[in-house]
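**Student:** Provided below: run-v9.cif, containing mmCIF, C-alpha atoms.
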```cif
data_target
loop_
_atom_site.group_PDB
_atom_site.id
_atom_site.type_symbol
_atom_site.label_atom_id
_atom_site.label_comp_id
_atom_site.auth_asym_id
_atom_site.auth_seq_id
_atom_site.Cartn_x
_atom_site.Cartn_y
_atom_site.Cartn_z
ATOM 1 C CA MET A 14 0.000 0.000 0.000
ATOM 2 C CA LYS A 15 0.984 3.606 -0.400
ATOM 3 C CA LYS A 16 2.678 5.574 2.326
ATOM 4 C CA PRO A 17 0.195 6.341 5.170
ATOM 5 C CA SER A 18 -1.339 9.763 4.667
ATOM 6 C CA LEU A 19 -4.561 11.380 5.767
ATOM 7 C CA GLY A 20 -5.576 14.890 4.933
ATOM 8 C CA GLN A 21 -8.820 16.546 5.895
ATOM 9 C CA ILE A 22 -11.278 14.185 7.583
ATOM 10 C CA SER A 23 -14.732 14.357 6.035
ATOM 11 C CA ASP A 24 -18.035 12.982 7.277
ATOM 12 C CA TYR A 25 -17.424 10.005 4.991
ATOM 13 C CA GLU A 26 -14.158 9.085 6.730
ATOM 14 C CA LEU A 27 -15.801 9.524 10.122
ATOM 15 C CA LYS A 28 -18.537 7.136 9.033
ATOM 16 C CA GLN A 29 -15.914 4.606 7.938
ATOM 17 C CA LEU A 30 -13.977 4.948 11.198
ATOM 18 C CA LYS A 31 -17.186 4.378 13.126
ATOM 19 C CA LEU A 32 -17.885 1.289 11.012
ATOM 20 C CA PHE A 33 -14.326 0.048 11.600
ATOM 21 C CA LYS A 34 -14.809 0.506 15.353
ATOM 22 C CA THR A 35 -17.986 -1.580 15.165
ATOM 23 C CA VAL A 36 -16.168 -4.318 13.229
ATOM 24 C CA VAL A 37 -13.440 -4.519 15.859
ATOM 25 C CA GLU A 38 -15.855 -4.528 18.802
ATOM 26 C CA SER A 39 -18.125 -7.078 17.101
ATOM 27 C CA GLY A 40 -15.206 -9.397 16.373
ATOM 28 C CA GLY A 41 -15.510 -9.487 12.611
ATOM 29 C CA PHE A 42 -17.305 -8.472 9.428
ATOM 30 C CA THR A 43 -20.248 -10.850 9.722
ATOM 31 C CA SER A 44 -21.188 -9.797 13.254
ATOM 32 C CA ALA A 45 -20.746 -6.130 12.386
ATOM 33 C CA ALA A 46 -22.967 -6.515 9.325
ATOM 34 C CA ALA A 47 -25.710 -8.019 11.486
ATOM 35 C CA GLU A 48 -25.391 -5.244 14.080
ATOM 36 C CA LEU A 49 -25.395 -2.475 11.465
ATOM 37 C CA ASN A 50 -28.125 -4.149 9.382
ATOM 38 C CA ILE A 51 -26.079 -4.008 6.188
ATOM 39 C CA SER A 52 -24.548 -6.740 4.028
ATOM 40 C CA ARG A 53 -21.157 -8.274 4.725
ATOM 41 C CA PRO A 54 -19.789 -7.216 1.294
ATOM 42 C CA THR A 55 -20.775 -3.619 2.102
ATOM 43 C CA VAL A 56 -18.811 -3.786 5.351
ATOM 44 C CA SER A 57 -15.846 -5.319 3.531
ATOM 45 C CA ASN A 58 -15.935 -2.631 0.838
ATOM 46 C CA HIS A 59 -15.979 0.168 3.404
ATOM 47 C CA ILE A 60 -13.005 -1.297 5.276
ATOM 48 C CA ALA A 61 -11.081 -1.796 2.026
ATOM 49 C CA SER A 62 -11.816 1.820 1.077
ATOM 50 C CA LEU A 63 -10.648 3.038 4.486
ATOM 51 C CA GLU A 64 -7.450 0.985 4.218
ATOM 52 C CA ALA A 65 -6.783 2.490 0.784
ATOM 53 C CA ARG A 66 -7.496 5.985 2.108
ATOM 54 C CA LEU A 67 -5.120 5.511 5.051
ATOM 55 C CA GLY A 68 -2.535 3.610 3.039
ATOM 56 C CA MET A 69 -2.204 0.744 5.520
ATOM 57 C CA PRO A 70 -3.768 -2.658 6.267
ATOM 58 C CA LEU A 71 -6.069 -2.532 9.290
ATOM 59 C CA CYS A 72 -7.019 -6.182 9.672
ATOM 60 C CA LYS A 73 -6.383 -9.669 8.408
ATOM 61 C CA ARG A 74 -9.181 -11.777 6.997
ATOM 62 C CA GLY A 75 -9.033 -15.490 6.422
ATOM 63 C CA ARG A 76 -9.616 -18.917 7.868
ATOM 64 C CA GLY A 77 -7.877 -17.866 11.057
ATOM 65 C CA GLY A 78 -10.651 -15.386 11.692
ATOM 66 C CA PHE A 79 -10.592 -11.620 12.097
ATOM 67 C CA LEU A 80 -7.345 -10.135 13.429
ATOM 68 C CA LEU A 81 -6.172 -6.548 13.761
ATOM 69 C CA THR A 82 -2.808 -5.568 12.348
ATOM 70 C CA ASP A 83 -0.502 -3.494 14.554
ATOM 71 C CA GLU A 84 -1.536 -0.446 12.547
ATOM 72 C CA GLY A 85 -5.194 -1.407 12.879
ATOM 73 C CA ALA A 86 -4.901 -1.604 16.660
ATOM 74 C CA VAL A 87 -3.530 1.957 16.751
ATOM 75 C CA VAL A 88 -6.233 3.249 14.380
ATOM 76 C CA TYR A 89 -8.908 1.564 16.510
ATOM 77 C CA GLU A 90 -7.691 3.199 19.744
ATOM 78 C CA GLU A 91 -7.365 6.603 18.095
ATOM 79 C CA SER A 92 -10.794 6.222 16.469
ATOM 80 C CA LYS A 93 -12.361 5.514 19.842
ATOM 81 C CA GLN A 94 -10.877 8.685 21.276
ATOM 82 C CA LEU A 95 -11.806 10.791 18.244
ATOM 83 C CA LEU A 96 -15.418 9.583 18.140
ATOM 84 C CA ALA A 97 -15.797 10.014 21.908
ATOM 85 C CA GLN A 98 -14.473 13.582 21.667
ATOM 86 C CA LEU A 99 -16.907 14.333 18.848
ATOM 87 C CA ASP A 100 -19.784 12.970 20.926
ATOM 88 C CA GLN A 101 -18.692 15.127 23.847
ATOM 89 C CA PHE A 102 -18.401 18.181 21.572
ATOM 90 C CA ARG A 103 -21.882 17.536 20.192
ATOM 91 C CA SER A 104 -23.288 17.066 23.693
ATOM 92 C CA THR A 105 -21.671 20.287 24.929
ATOM 93 C CA LEU A 106 -23.128 22.283 22.043
ATOM 94 C CA ASN A 107 -26.541 20.713 22.535
ATOM 95 C CA ASN A 108 -26.471 21.901 26.140
ATOM 96 C CA LEU A 109 -25.930 25.519 25.147
ATOM 97 C CA GLY A 110 -29.395 25.970 23.651
ATOM 98 C CA GLU A 111 -32.561 27.101 25.375
ATOM 99 C CA SER A 112 -33.817 23.530 25.751
ATOM 100 C CA PRO A 113 -31.926 20.204 25.906
ATOM 101 C CA ALA A 114 -31.056 18.495 22.637
ATOM 102 C CA GLY A 115 -29.013 15.518 21.511
ATOM 103 C CA GLN A 116 -29.537 11.876 22.413
ATOM 104 C CA LEU A 117 -30.356 10.224 25.739
ATOM 105 C CA ARG A 118 -29.414 6.543 25.933
ATOM 106 C CA ILE A 119 -31.592 4.540 28.314
ATOM 107 C CA ALA A 120 -31.698 0.820 29.054
ATOM 108 C CA LEU A 121 -34.156 -1.187 31.107
ATOM 109 C CA SER A 122 -34.067 -4.604 32.663
ATOM 110 C CA ASP A 123 -36.439 -7.383 31.673
ATOM 111 C CA THR A 124 -40.160 -6.401 32.136
ATOM 112 C CA TYR A 125 -39.402 -2.925 33.520
ATOM 113 C CA SER A 126 -40.664 -1.111 30.430
ATOM 114 C CA THR A 127 -44.193 -2.406 31.122
ATOM 115 C CA ASP A 128 -44.004 -2.640 34.927
ATOM 116 C CA GLU A 129 -46.529 -0.097 36.212
ATOM 117 C CA ARG A 130 -44.384 0.561 39.272
ATOM 118 C CA CYS A 131 -41.630 2.047 37.060
ATOM 119 C CA ARG A 132 -44.170 4.579 35.765
ATOM 120 C CA ILE A 133 -42.385 4.751 32.405
ATOM 121 C CA PRO A 134 -45.340 6.225 30.445
ATOM 122 C CA GLU A 135 -45.808 9.016 33.009
ATOM 123 C CA VAL A 136 -42.094 9.767 33.264
ATOM 124 C CA MET A 137 -41.640 9.821 29.499
ATOM 125 C CA ARG A 138 -44.735 11.940 28.935
ATOM 126 C CA ALA A 139 -43.427 14.583 31.335
ATOM 127 C CA TYR A 140 -39.886 14.385 29.981
ATOM 128 C CA CYS A 141 -40.828 14.607 26.315
ATOM 129 C CA LYS A 142 -42.904 17.708 26.978
ATOM 130 C CA ALA A 143 -39.976 19.326 28.802
ATOM 131 C CA ALA A 144 -37.318 18.193 26.284
ATOM 132 C CA PRO A 145 -38.958 17.825 22.863
ATOM 133 C CA LYS A 146 -35.631 18.093 20.985
ATOM 134 C CA VAL A 147 -33.991 15.124 22.718
ATOM 135 C CA THR A 148 -33.798 11.870 20.746
ATOM 136 C CA LEU A 149 -34.359 8.820 22.934
ATOM 137 C CA SER A 150 -32.679 5.441 22.557
ATOM 138 C CA PHE A 151 -34.310 2.591 24.550
ATOM 139 C CA GLU A 152 -32.925 -0.929 24.898
ATOM 140 C CA VAL A 153 -33.510 -3.989 27.100
ATOM 141 C CA GLU A 154 -30.221 -5.238 28.566
ATOM 142 C CA HIS A 155 -28.678 -7.586 31.126
ATOM 143 C CA MET A 156 -28.029 -6.028 34.545
ATOM 144 C CA ARG A 157 -24.263 -6.619 34.349
ATOM 145 C CA ASP A 158 -24.133 -5.030 30.893
ATOM 146 C CA MET A 159 -26.101 -1.994 32.045
ATOM 147 C CA GLU A 160 -23.847 -1.417 35.052
ATOM 148 C CA ARG A 161 -20.749 -1.644 32.844
ATOM 149 C CA GLN A 162 -22.176 0.565 30.101
ATOM 150 C CA VAL A 163 -23.283 3.290 32.527
ATOM 151 C CA LEU A 164 -19.842 3.232 34.149
ATOM 152 C CA ASN A 165 -17.987 3.547 30.831
ATOM 153 C CA GLY A 166 -20.374 6.133 29.392
ATOM 154 C CA ASP A 167 -22.096 4.020 26.732
ATOM 155 C CA LEU A 168 -25.415 4.474 28.556
ATOM 156 C CA ASP A 169 -26.766 7.563 30.302
ATOM 157 C CA ILE A 170 -29.499 5.971 32.423
ATOM 158 C CA ALA A 171 -30.494 2.419 33.335
ATOM 159 C CA PHE A 172 -33.430 0.894 35.220
ATOM 160 C CA ILE A 173 -32.123 -2.191 37.021
ATOM 161 C CA PRO A 174 -32.971 -4.718 39.724
ATOM 162 C CA TYR A 175 -30.122 -4.445 42.204
ATOM 163 C CA HIS A 176 -28.681 -6.358 45.122
ATOM 164 C CA ARG A 177 -25.442 -4.397 45.431
ATOM 165 C CA LYS A 178 -24.119 -0.877 45.027
ATOM 166 C CA LEU A 179 -21.100 -0.340 42.804
ATOM 167 C CA GLN A 180 -18.588 2.418 43.366
ATOM 168 C CA GLY A 181 -18.954 5.098 40.710
ATOM 169 C CA LEU A 182 -22.697 4.641 40.257
ATOM 170 C CA ASN A 183 -25.507 6.710 41.771
ATOM 171 C CA TYR A 184 -28.829 5.070 42.645
ATOM 172 C CA ILE A 185 -32.389 6.386 42.785
ATOM 173 C CA HIS A 186 -34.460 3.749 44.558
ATOM 174 C CA LEU A 187 -37.796 3.060 42.842
ATOM 175 C CA PHE A 188 -39.385 0.137 44.701
ATOM 176 C CA SER A 189 -38.604 -3.270 46.216
ATOM 177 C CA ASP A 190 -39.571 -6.717 44.951
ATOM 178 C CA ASN A 191 -40.358 -9.755 47.095
ATOM 179 C CA ASN A 192 -39.033 -12.850 45.322
ATOM 180 C CA TYR A 193 -40.443 -16.319 46.007
ATOM 181 C CA LEU A 194 -39.963 -19.818 44.658
ATOM 182 C CA TYR A 195 -42.509 -20.908 42.061
ATOM 183 C CA CYS A 196 -43.444 -24.184 40.416
ATOM 184 C CA ALA A 197 -45.887 -24.957 37.601
ATOM 185 C CA LYS A 198 -49.049 -27.035 37.738
ATOM 186 C CA ASP A 199 -47.228 -29.970 36.080
ATOM 187 C CA HIS A 200 -44.492 -29.994 38.735
ATOM 188 C CA PRO A 201 -44.737 -32.588 41.561
ATOM 189 C CA PHE A 202 -44.720 -29.809 44.199
ATOM 190 C CA TYR A 203 -47.782 -28.018 42.817
ATOM 191 C CA HIS A 204 -50.431 -30.131 44.534
ATOM 192 C CA LEU A 205 -48.535 -30.510 47.812
ATOM 193 C CA ASP A 206 -49.139 -28.398 50.904
ATOM 194 C CA ASP A 207 -46.141 -26.308 51.955
ATOM 195 C CA ASP A 208 -45.790 -28.440 55.093
ATOM 196 C CA ALA A 209 -45.261 -31.490 52.920
ATOM 197 C CA ILE A 210 -42.430 -29.891 50.912
ATOM 198 C CA THR A 211 -39.241 -30.356 52.894
ATOM 199 C CA ASN A 212 -36.052 -28.377 52.456
ATOM 200 C CA GLU A 213 -34.374 -31.549 51.207
ATOM 201 C CA MET A 214 -37.017 -31.871 48.462
ATOM 202 C CA ILE A 215 -36.584 -28.229 47.436
ATOM 203 C CA CYS A 216 -32.803 -28.495 47.316
ATOM 204 C CA SER A 217 -32.936 -31.595 45.126
ATOM 205 C CA ALA A 218 -35.414 -30.096 42.632
ATOM 206 C CA LYS A 219 -33.983 -28.564 39.461
ATOM 207 C CA LEU A 220 -33.753 -24.779 39.788
ATOM 208 C CA VAL A 221 -33.372 -22.262 36.949
ATOM 209 C CA HIS A 222 -31.764 -19.095 38.316
ATOM 210 C CA ALA A 223 -30.711 -15.648 37.088
ATOM 211 C CA GLY A 224 -27.048 -16.544 36.570
ATOM 212 C CA LEU A 225 -25.765 -13.534 38.533
ATOM 213 C CA GLN A 226 -23.220 -13.427 41.319
ATOM 214 C CA PRO A 227 -25.688 -13.143 44.208
ATOM 215 C CA HIS A 228 -25.354 -11.127 47.378
ATOM 216 C CA GLU A 229 -25.016 -12.967 50.693
ATOM 217 C CA GLU A 230 -28.739 -13.363 51.423
ATOM 218 C CA ILE A 231 -29.451 -14.981 48.046
ATOM 219 C CA TYR A 232 -26.199 -16.965 48.030
ATOM 220 C CA ASP A 233 -27.123 -18.612 51.324
ATOM 221 C CA GLN A 234 -30.311 -19.888 49.716
ATOM 222 C CA LEU A 235 -28.873 -20.865 46.329
ATOM 223 C CA SER A 236 -25.711 -22.544 47.608
ATOM 224 C CA GLU A 237 -27.561 -25.663 48.729
ATOM 225 C CA MET A 238 -29.918 -25.870 45.743
ATOM 226 C CA ASN A 239 -29.712 -27.819 42.480
ATOM 227 C CA LEU A 240 -28.692 -25.114 39.976
ATOM 228 C CA ALA A 241 -29.753 -26.960 36.846
ATOM 229 C CA GLY A 242 -30.229 -23.988 34.512
ATOM 230 C CA SER A 243 -29.711 -20.258 34.244
ATOM 231 C CA SER A 244 -31.408 -17.380 32.441
ATOM 232 C CA TYR A 245 -31.313 -13.696 33.274
ATOM 233 C CA HIS A 246 -34.663 -12.863 31.657
ATOM 234 C CA TYR A 247 -37.880 -13.603 33.506
ATOM 235 C CA GLU A 248 -39.728 -14.712 30.376
ATOM 236 C CA SER A 249 -37.360 -17.609 29.704
ATOM 237 C CA ARG A 250 -37.261 -18.579 33.376
ATOM 238 C CA ILE A 251 -41.055 -18.671 33.409
ATOM 239 C CA ALA A 252 -41.091 -20.759 30.210
ATOM 240 C CA LEU A 253 -38.747 -23.310 31.785
ATOM 241 C CA ALA A 254 -40.820 -23.380 34.969
ATOM 242 C CA LEU A 255 -44.036 -23.890 32.975
ATOM 243 C CA SER A 256 -42.485 -27.029 31.489
ATOM 244 C CA GLY A 257 -42.926 -28.604 34.910
ATOM 245 C CA GLU A 258 -39.255 -29.566 35.004
ATOM 246 C CA PHE A 259 -37.890 -26.612 36.983
ATOM 247 C CA ILE A 260 -38.655 -24.366 39.920
ATOM 248 C CA CYS A 261 -37.485 -20.757 39.921
ATOM 249 C CA PHE A 262 -37.359 -17.536 41.929
ATOM 250 C CA LEU A 263 -39.526 -14.739 40.540
ATOM 251 C CA PRO A 264 -40.665 -11.319 41.769
ATOM 252 C CA GLU A 265 -44.173 -11.609 43.175
ATOM 253 C CA GLU A 266 -45.508 -8.983 40.742
ATOM 254 C CA VAL A 267 -44.033 -10.762 37.717
ATOM 255 C CA ALA A 268 -45.456 -14.131 38.736
ATOM 256 C CA GLN A 269 -48.895 -12.825 39.729
ATOM 257 C CA PRO A 270 -50.605 -13.119 36.292
ATOM 258 C CA TYR A 271 -49.529 -16.762 36.046
ATOM 259 C CA VAL A 272 -50.613 -17.445 39.623
ATOM 260 C CA GLU A 273 -54.047 -15.978 38.916
ATOM 261 C CA LYS A 274 -54.424 -18.322 35.927
ATOM 262 C CA GLY A 275 -53.358 -21.294 38.036
ATOM 263 C CA GLU A 276 -50.221 -21.894 35.984
ATOM 264 C CA LEU A 277 -47.710 -21.113 38.750
ATOM 265 C CA LYS A 278 -47.759 -21.486 42.514
ATOM 266 C CA ALA A 279 -45.498 -19.997 45.201
ATOM 267 C CA ILE A 280 -43.922 -22.631 47.454
ATOM 268 C CA ALA A 281 -41.844 -22.676 50.634
ATOM 269 C CA GLN A 282 -42.552 -18.999 51.260
ATOM 270 C CA GLN A 283 -41.512 -19.111 54.889
ATOM 271 C CA HIS A 284 -37.868 -20.010 54.319
ATOM 272 C CA LYS A 285 -37.175 -19.469 50.584
ATOM 273 C CA HIS A 286 -37.540 -15.808 49.650
ATOM 274 C CA PHE A 287 -35.481 -12.638 49.289
ATOM 275 C CA THR A 288 -35.895 -8.959 48.431
ATOM 276 C CA LEU A 289 -34.447 -7.086 45.460
ATOM 277 C CA GLY A 290 -34.408 -3.353 44.943
ATOM 278 C CA ALA A 291 -35.309 -1.592 41.712
ATOM 279 C CA ALA A 292 -33.389 1.574 40.890
ATOM 280 C CA VAL A 293 -32.383 4.075 38.271
ATOM 281 C CA ILE A 294 -28.601 4.166 38.014
ATOM 282 C CA TYR A 295 -26.419 6.868 36.503
ATOM 283 C CA LYS A 296 -22.849 8.130 36.612
ATOM 284 C CA GLN A 297 -21.999 11.525 38.008
ATOM 285 C CA MET A 298 -21.359 13.916 35.134
ATOM 286 C CA LYS A 299 -18.031 15.737 34.789
ATOM 287 C CA LYS A 300 -19.538 18.141 32.261
ATOM 288 C CA PRO A 301 -23.102 19.511 32.143
ATOM 289 C CA ASN A 302 -25.620 17.357 30.285
ATOM 290 C CA ARG A 303 -28.981 19.060 30.416
ATOM 291 C CA ALA A 304 -30.825 16.190 28.716
ATOM 292 C CA LYS A 305 -29.626 13.749 31.362
ATOM 293 C CA THR A 306 -30.062 16.173 34.262
ATOM 294 C CA LEU A 307 -33.650 16.900 33.249
ATOM 295 C CA PHE A 308 -34.436 13.185 33.034
ATOM 296 C CA LEU A 309 -33.082 12.614 36.542
ATOM 297 C CA GLU A 310 -35.104 15.577 37.799
ATOM 298 C CA THR A 311 -38.195 14.012 36.221
ATOM 299 C CA ILE A 312 -37.465 10.714 37.987
ATOM 300 C CA TYR A 313 -37.164 12.563 41.291
ATOM 301 C CA GLN A 314 -40.548 14.190 40.680
ATOM 302 C CA TYR A 315 -42.153 10.758 40.724
ATOM 303 C CA PHE A 316 -39.929 8.839 43.139
ATOM 304 C CA GLY A 317 -38.031 11.409 45.208
ATOM 305 C CA ASN A 318 -40.615 11.553 48.003
ATOM 306 C CA SER A 319 -40.765 7.815 48.593
ATOM 307 C CA THR A 320 -40.447 6.789 52.244
ATOM 308 C CA GLU A 321 -39.585 3.186 51.343
ATOM 309 C CA ILE A 322 -36.231 2.086 52.732
ATOM 310 C CA PRO A 323 -34.003 0.491 50.061
ATOM 311 C CA PRO A 324 -33.230 -3.165 50.864
ATOM 312 C CA TYR A 325 -29.445 -2.707 50.451
#
```
Let me see whether you can do it: turn the structure in this file into structure tokens.
**Tutor:**
Amino acid sequence: MKKPSLGQISDYELKQLKLFKTVVESGGFTSAAAELNISRPTVSNHIASLEARLGMPLCKRGRGGFLLTDEGAVVYEESKQLLAQLDQFRSTLNNLGESPAGQLRIALSDTYSTDERCRIPEVMRAYCKAAPKVTLSFEVEHMRDMERQVLNGDLDIAFIPYHRKLQGLNYIHLFSDNNYLYCAKDHPFYHLDDDAITNEMICSAKLVHAGLQPHEEIYDQLSEMNLAGSSYHYESRIALALSGEFICFLPEEVAQPYVEKGELKAIAQQHKHFTLGAAVIYKQMKKPNRAKTLFLETIYQYFGNSTEIPPY
């Protein structure tokens, strides 16, 4: 290739650098194509064009899989910094106007978007009226991913179930969930009285659990149980429980519709239960972000006067 040279950076080059960053973080062209919703040849053509523009190979393709060249590793790190600085510049400018603008990135845990206790429709109605120029990005994510993404700045706000507090994160407590063990009508425990279900029986039954590193209260209960499956999302845990092959812990509110239909039943409530908090998490801002600040103020309007004591 020709000697590395890069003159003025246009929007086109920025787009290609952003695509290259996605390729690296996705682990290859195919995964990046799926994430970007474009074809693999299109991704390949963009990377080839960028390599020609820069005058250096950025990655190796072949049977050995996707690998960055030494030059590609440097370009990736510099691209991350450049794109982050551009985002910060855009955010700063958006905060200079009369009303907030830009994008607010929000993620929610499983079921929280429709959980009435989160009051998402009310919060969003009030926020959108106060910040009509802000573009909203909503996703459903795993709790661990949301914590990490808020800490590293990839997310602005997250609604999570929590059993711990991480340094660097701020928490606005929303409500608490009582979690109980549930079995389905096809499970042997369903037609037994609680007195007839011994701890030995519970501990030998197959349990599908959230797959998280639990805090001490939950660990004490899980450590003696038969951890036969794991799934973070409630929907898949419920599906496995409804098979009649597994028992599982669920928040009382999440299980209630299935209990009312007679499909699930809470068991061993006296000695197998725990409490989880629900919270909005965010990272303290080094620079003003009016879109984010206004959202947090809106959350406080609805939850700031709560007298409920957080469980942790």
**Student:** Can you give me, as a PDB file with C-alpha atoms, in the frame of the given file, the residues this file yields under the PyMOL selection byres ((chain A and resi 41) around 12)?
**Tutor:**
```
ATOM      1  CA  LEU A  32     -17.885   1.289  11.012  1.00  0.00           C
ATOM      2  CA  PHE A  33     -14.326   0.048  11.600  1.00  0.00           C
ATOM      3  CA  LYS A  34     -14.809   0.506  15.353  1.00  0.00           C
ATOM      4  CA  THR A  35     -17.986  -1.580  15.165  1.00  0.00           C
ATOM      5  CA  VAL A  36     -16.168  -4.318  13.229  1.00  0.00           C
ATOM      6  CA  VAL A  37     -13.440  -4.519  15.859  1.00  0.00           C
ATOM      7  CA  GLU A  38     -15.855  -4.528  18.802  1.00  0.00           C
ATOM      8  CA  SER A  39     -18.125  -7.078  17.101  1.00  0.00           C
ATOM      9  CA  GLY A  40     -15.206  -9.397  16.373  1.00  0.00           C
ATOM     10  CA  PHE A  42     -17.305  -8.472   9.428  1.00  0.00           C
ATOM     11  CA  THR A  43     -20.248 -10.850   9.722  1.00  0.00           C
ATOM     12  CA  SER A  44     -21.188  -9.797  13.254  1.00  0.00           C
ATOM     13  CA  ALA A  45     -20.746  -6.130  12.386  1.00  0.00           C
ATOM     14  CA  ALA A  46     -22.967  -6.515   9.325  1.00  0.00           C
ATOM     15  CA  ALA A  47     -25.710  -8.019  11.486  1.00  0.00           C
ATOM     16  CA  GLU A  48     -25.391  -5.244  14.080  1.00  0.00           C
ATOM     17  CA  ARG A  53     -21.157  -8.274   4.725  1.00  0.00           C
ATOM     18  CA  VAL A  56     -18.811  -3.786   5.351  1.00  0.00           C
ATOM     19  CA  SER A  57     -15.846  -5.319   3.531  1.00  0.00           C
ATOM     20  CA  ILE A  60     -13.005  -1.297   5.276  1.00  0.00           C
ATOM     21  CA  CYS A  72      -7.019  -6.182   9.672  1.00  0.00           C
ATOM     22  CA  LYS A  73      -6.383  -9.669   8.408  1.00  0.00           C
ATOM     23  CA  ARG A  74      -9.181 -11.777   6.997  1.00  0.00           C
ATOM     24  CA  GLY A  75      -9.033 -15.490   6.422  1.00  0.00           C
ATOM     25  CA  GLY A  77      -7.877 -17.866  11.057  1.00  0.00           C
ATOM     26  CA  GLY A  78     -10.651 -15.386  11.692  1.00  0.00           C
ATOM     27  CA  PHE A  79     -10.592 -11.620  12.097  1.00  0.00           C
ATOM     28  CA  LEU A  80      -7.345 -10.135  13.429  1.00  0.00           C
ATOM     29  CA  LEU A  81      -6.172  -6.548  13.761  1.00  0.00           C
TER      30      LEU A  81
END
```
**Student:** Go through A:His59, A:Arg130, A:Lys278, A:His222 and flag the residue nearest Leu235 in chain A, using all atoms listed in the file for the distances.
**Tutor:** A:His222
**Student:** Using the chain letters and numbering of this document, enumerate as a ChimeraX atom specification the residues selected by the PyMOL selection byres ((chain A and resi 202) around 12).
**Tutor:** /A:194-201,203-211,214-215,217-219,254,257-260,277-281
**Student:** Please compute the CA of Pro264 in chain A-CA of Val163 in chain A distance, one decimal, in Å.
**Tutor:**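 Computing it gives 24.5 Å between the two atoms.
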**Student:** If I take CA of Ala171 in chain A and CA of Ala120 in chain A, how far is one from the other in Å, to one decimal?
**Tutor:**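 Distance between the two atoms: 4.7 Å.
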**Student:** What lies within 9 Å of range 302-313 of chain A using all atoms listed in the file, ignoring chain neighbours under 4 positions off, as a ChimeraX atom specification?
**Tutor:** /A:104-105,107-109,112-117,136-137,139-140,143-144,147,169-170,185,293,295,298,317-318
**Student:** Place a sphere of radius 9 Å on (-23.1, 3.8, 40.2) in the file coordinates and name every protein, DNA or RNA residue with an atom inside or on its surface, counting only C-alpha atoms; give the answer as a list in words.
**Tutor:**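 Protein and nucleic acid residues near the point are Glu160, Val163, Leu164, Lys178, Leu179, Gln180, Gly181, Leu182, Asn183, Tyr184, Ile294, Tyr295, Lys296 and Gln297 of chain A.
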**Student:** Store the residues picked out above, limited to C-alpha atoms, as an mmCIF file, in the frame of the given file.
**Tutor:**
```cif
data_model
loop_
_atom_site.group_PDB
_atom_site.id
_atom_site.type_symbol
_atom_site.label_atom_id
_atom_site.label_comp_id
_atom_site.auth_asym_id
_atom_site.auth_seq_id
_atom_site.Cartn_x
_atom_site.Cartn_y
_atom_site.Cartn_z
ATOM 1 C CA GLU A 160 -23.847 -1.417 35.052
ATOM 2 C CA VAL A 163 -23.283 3.290 32.527
ATOM 3 C CA LEU A 164 -19.842 3.232 34.149
ATOM 4 C CA LYS A 178 -24.119 -0.877 45.027
ATOM 5 C CA LEU A 179 -21.100 -0.340 42.804
ATOM 6 C CA GLN A 180 -18.588 2.418 43.366
ATOM 7 C CA GLY A 181 -18.954 5.098 40.710
ATOM 8 C CA LEU A 182 -22.697 4.641 40.257
ATOM 9 C CA ASN A 183 -25.507 6.710 41.771
ATOM 10 C CA TYR A 184 -28.829 5.070 42.645
ATOM 11 C CA ILE A 294 -28.601 4.166 38.014
ATOM 12 C CA TYR A 295 -26.419 6.868 36.503
ATOM 13 C CA LYS A 296 -22.849 8.130 36.612
ATOM 14 C CA GLN A 297 -21.999 11.525 38.008
#
```
**Student:** So what does the PyMOL selection byres ((chain A and resi 320) around 12) actually pick up in this one, as a list in words?
**Tutor:**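 Residues picked by the PyMOL selection byres ((chain A and resi 320) around 12): His186, Leu187, Phe188, Ser189, Phe316, Gly317, Asn318, Ser319, Glu321, Ile322 and Pro323 of chain A.
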**Student:** Would you mind listing what lies within 7 Å of Pro324 in chain A as number ranges by chain, with all atoms listed in the file counted and same-chain residues fewer than 2 positions away left out?
**Tutor:** A: 288-290, 322
**Student:** Quick one: distance from CA of Ala97 in chain A to CA of Met69 in chain A in Å, one decimal?
**Tutor:** 23.2 Å
**Student:** Which is closer to Gln162 in chain A than all the others in A:Pro174, A:Gln314, A:Asp83, A:Arg118, using all atoms listed in the file?
**Tutor:** A:Arg118
**Student:** Taking all atoms listed in the file into account, which of A:Lys300, A:Gly68, A:Tyr125, A:Ser236 comes nearest Glu266 in chain A?
**Tutor:** A:Tyr125
**Student:** I need the residue nearest Met159 in chain A from this list: A:Tyr271, A:Phe172, A:Tyr325, A:Tyr245. Use all atoms listed in the file for the distance.
**Tutor:**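 Of A:Tyr271, A:Phe172, A:Tyr325, A:Tyr245, the one nearest Met159 in chain A is A:Phe172, counting all atoms listed in the file.
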**Student:** Measuring between only C-alpha atoms, which one of A:Leu220, A:Ala61, A:Leu168, A:Ile119 shows the shortest distance to Arg250 in chain A?
**Tutor:**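 Looking only at the distances to Arg250 in chain A, the closest residue turns out to be A:Leu220.
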**Student:** Taking 3 positions as the minimum chain separation for residues in the same chain, which residues sit within 8 Å of Leu71 in chain A when counting all atoms listed in the file? Answer as a PyMOL selection string.
**Tutor:** chain A and resi 64+81-86+88
**Student:** Using all atoms listed in the file, which of A:Leu30, A:Cys261, A:Leu96, A:Ala292 sits nearest Glu248 in chain A?
**Tutor:** A:Cys261
**Student:** Dump C-alpha atoms of range 141-150 of chain A from the given block, as a CSV table (one decimal), in the first residue's frame.
**Tutor:**
```csv
chain,number,residue,atom,x,y,z
A,141,CYS,CA,-40.8,14.6,26.3
A,142,LYS,CA,-42.9,17.7,27.0
A,143,ALA,CA,-40.0,19.3,28.8
A,144,ALA,CA,-37.3,18.2,26.3
A,145,PRO,CA,-39.0,17.8,22.9
A,146,LYS,CA,-35.6,18.1,21.0
A,147,VAL,CA,-34.0,15.1,22.7
A,148,THR,CA,-33.8,11.9,20.7
A,149,LEU,CA,-34.4,8.8,22.9
A,150,SER,CA,-32.7,5.4,22.6
```
